[in-house]
Amino acid sequence: MAALTVSAENEKRVKAMGFLNNRGTDNFSARIITVNGKVTAAQQKCIAEAAEKFGNGIVTFTTRLTIEVQGIPYDKIEEFQEYIKKEGLVTGGTGSLVRPVVACKGTTCQYGLLDSFAISEEIHKRFYEGYHTVKLPHKFKIAVGGCPNNCVKPDLNDIGIIGQRIPDFDEDSCNGCKKCSIEAACPVGAAKVIDGILEIDKDICNNCGRCIGKCRFDAIEDGTYGFKIYIGGRWGKKLAIGKALSKVFTTKEEALDVIEKAILLFREQGQTGERFAKTIERLGFENVEKQLIANDLLDRKQEILDAQLHLVGGATC
């Protein structure tokens with residue numbers, strides 16, 4: 001085996017650029033950011049050409065919807081970056097920062113309750129790009145799920161959004177049918193006819209919207225679109241299931257502001273090396289939720305960003 005020539009310092013330097021060392025070699029895998037798992041045909045062609053030109057011809061996909069091109073020599077890294085740049089592609093996605101966003105295909109999915117591609121792209125620009133120089137206690141992962149099917153596991157991310165459609169039930173229109181079409185349509189058993197009237201158990205209902213428009217007597221003709229937000233999820237050496245905030249947010253602006261407040265809270269009150277789940281556990285969920293609903297964190301945004309915090313890394317969980 002040839003002697004390794006890339007120093008530990010240079011290996012660390014290029015890792016921050018999204019190039020991860022291929023174990024036992026002087027070659028690296030380039031992590032290409034796809035924004036939300038969506039790439040054009042021209043971008044795919046460019047990636048394939050770059051893999052053959054600079055790497056070993058192999059392209060792999062990460063669980064975070066990024067693309068890795070393997071086997072790139074250290075001295076070809078800058079050429080590789082310039083080559084993919086022509087199609088608007090960049091490398092990155094490492095470090096104690098906001099990480100690339102993961103989104104489901106809710107934009108085109110029959111069950112999608114929100115435009116997951118558009119929202120995740122907005123999150124990418126506002127928080128992945130906008131906060132790219134902001135050091136955090138640890139990595140911070142964001143997921144966008146179009147509906148309660150939870151295909152991208154939003155509750156296993158530091159913060160996750162789930163599309164909602166809250167049924168607007170008109171009790172006066174309900175005829176208490178023995179064979180209720182709403183009850184039949186509900187996939188989680190939240191809707192039941194009891195004593196001649198339909199009842200929806202709010203503790204069971206996950207706001208999937210499948211019941212809307214199913215009643216022939218127009219008892220549920222519409223529903224309010226919204227965003228359910230989970231905080232404190234973690235998938236790794238130590239599993240943590242995120243917990244939903246008590247409020248379902250009904251505007252995109254509210255939901256995006258909650259994400260920003262969570263990032264600011266994590267930066268200010270998180271201890272270097274701990275994940276957001278640990279910060280929430282230490283501070284208390286009710287305390288954190290109260291701060292995420294209020295606006296104090298946004299009011300103090302610049303003060304929090306200017307603080308000299310988390311200058312020395314090192315994961316503790």
# chains A, B, ... in the order shown; residues from 1 in each chain; ligands from 1
>>> residues_around(residues="Gln302 in chain A", least_positions_apart="3", cutoff="12 Å", atoms="only C-alpha atoms", output="JSON, numbers by chain")
{"A": [134, 264, 267, 268, 296, 297, 298, 299, 305, 306, 307]}
>>> residues_around(residues="Tyr74 in chain A", least_positions_apart="4", cutoff="10 Å", atoms="only C-alpha atoms", output="PyMOL selection string")
chain A and resi 5-6+10-11+14+19+21+25-29+78
>>> closest_atom_pairs(of="range 91-194 of chain A", to="range 58-69 of chain A", cutoff="8 Å", atoms="only C-alpha atoms", output="Markdown table")
| residue | atom | partner | partner_atom | distance |
| --- | --- | --- | --- | --- |
| A:Pro100 | CA | A:Arg64 | CA | 7.0 |
| A:Val101 | CA | A:Arg64 | CA | 7.3 |
| A:Val102 | CA | A:Arg64 | CA | 5.8 |
>>> closest_residue(among="A:Ile159, A:Leu113, A:Ile194, A:Ile32", to="Tyr225 in chain A", atoms="only C-alpha atoms")
A:Leu113
>>> select_by_dssp(residues="range 148-314 of chain A", states="helix (DSSP H, G or I)", output="PyMOL selection string")
chain A and resi 154-156+171-173+181-185+252-269+276-283+285-293+296-299+301-306
>>> closest_residue(among="A:Leu156, A:Gly232, A:Asn175, A:Gly92", to="Lys15 in chain A", atoms="only C-alpha atoms")
A:Gly92
>>> select_by_dssp(residues="range 78-169 of chain A", states="strand (DSSP E or B)", output="list in words")
Thr91, Val98, Val102, Ala103, Phe140, Ile142, Ala143, Val144, Gly145, Ile159, Gly160, Ile161, Ile162, Gly163, Gln164, Arg165, Ile166, Pro167 and Asp168 of chain A
>>> closest_residue(among="A:Glu87, A:Asp172, A:Glu254, A:Glu49", to="Lys228 in chain A", atoms="only C-alpha atoms")
A:Glu254
>>> residues_around(residues="Ile259 in chain A", least_positions_apart="4", cutoff="9 Å", atoms="only C-alpha atoms", output="count of residues only")
11
>>> atom_distance(atom1="CA of Lys178 in chain A", atom2="CA of Ile200 in chain A")
15.7 Å
>>> closest_residue(among="A:Lys45, A:Arg165, A:Arg216, A:Lys153", to="Ile182 in chain A", atoms="only C-alpha atoms")
A:Arg216
>>> residues_around(residues="Glu82 in chain A", least_positions_apart="5", cutoff="12 Å", atoms="only C-alpha atoms", output="MDAnalysis selection string")
chainID A and resid 46:47 50 54 76:77 87:91
>>> write_last_selection(atoms="C-alpha atoms", output="PDB file, in the first residue's frame")
ATOM      1  CA  CYS A  46     -22.461  16.644 -14.975  1.00  0.00           C
ATOM      2  CA  ILE A  47     -22.059  14.529 -11.822  1.00  0.00           C
ATOM      3  CA  ALA A  50     -17.138  14.426 -13.002  1.00  0.00           C
ATOM      4  CA  PHE A  54     -11.881  13.039 -11.435  1.00  0.00           C
ATOM      5  CA  LYS A  76      -7.961  17.260  -7.980  1.00  0.00           C
ATOM      6  CA  ILE A  77     -10.393  18.643  -5.424  1.00  0.00           C
ATOM      7  CA  GLU A  87     -24.322  23.274 -13.327  1.00  0.00           C
ATOM      8  CA  GLY A  88     -24.831  25.187 -10.081  1.00  0.00           C
ATOM      9  CA  LEU A  89     -23.617  22.323  -7.882  1.00  0.00           C
ATOM     10  CA  VAL A  90     -21.548  22.747  -4.715  1.00  0.00           C
ATOM     11  CA  THR A  91     -20.008  20.498  -2.076  1.00  0.00           C
TER      12      THR A  91
END
>>> residues_around(residues="Gly146 in chain A", least_positions_apart="4", cutoff="7 Å", atoms="only C-alpha atoms", output="PyMOL selection string")
chain A and resi 104+106+112-114+116+162-163
>>> write_last_selection(atoms="N, CA and C atoms", output="tab-separated table (two decimals), in the first residue's frame")
chain	number	residue	atom	x	y	z
A	104	CYS	N	-39.46	14.92	1.63
A	104	CYS	CA	-40.14	13.88	0.87
A	104	CYS	C	-40.63	14.48	-0.45
A	106	GLY	N	-43.57	15.17	-1.31
A	106	GLY	CA	-44.94	15.60	-1.08
A	106	GLY	C	-45.51	16.51	-2.14
A	112	GLY	N	-49.60	14.26	-0.33
A	112	GLY	CA	-48.90	15.47	0.08
A	112	GLY	C	-49.84	16.60	0.48
A	113	LEU	N	-49.57	17.19	1.64
A	113	LEU	CA	-50.39	18.29	2.14
A	113	LEU	C	-49.67	19.63	2.07
A	114	LEU	N	-48.44	19.61	1.58
A	114	LEU	CA	-47.69	20.85	1.39
A	114	LEU	C	-46.72	20.64	0.24
A	116	SER	N	-43.53	20.26	-0.52
A	116	SER	CA	-42.31	19.97	0.24
A	116	SER	C	-41.05	20.41	-0.49
A	162	ILE	N	-44.18	18.50	9.53
A	162	ILE	CA	-45.10	17.55	8.93
A	162	ILE	C	-46.33	18.31	8.44
A	163	GLY	N	-46.67	18.14	7.16
A	163	GLY	CA	-47.85	18.78	6.61
A	163	GLY	C	-49.12	18.27	7.27
>>> closest_residue(among="A:Ile84, A:Cys208, A:Ile197, A:Leu4", to="Ile33 in chain A", atoms="only C-alpha atoms")
A:Ile84
>>> residues_around(residues="Asp195 in chain A", least_positions_apart="3", cutoff="12 Å", atoms="only C-alpha atoms", output="number ranges by chain")
A: 175-178, 192, 198-199
>>> closest_residue(among="A:Ala118, A:Ala277, A:Leu265, A:Val248", to="Ile304 in chain A", atoms="only C-alpha atoms")
A:Leu265
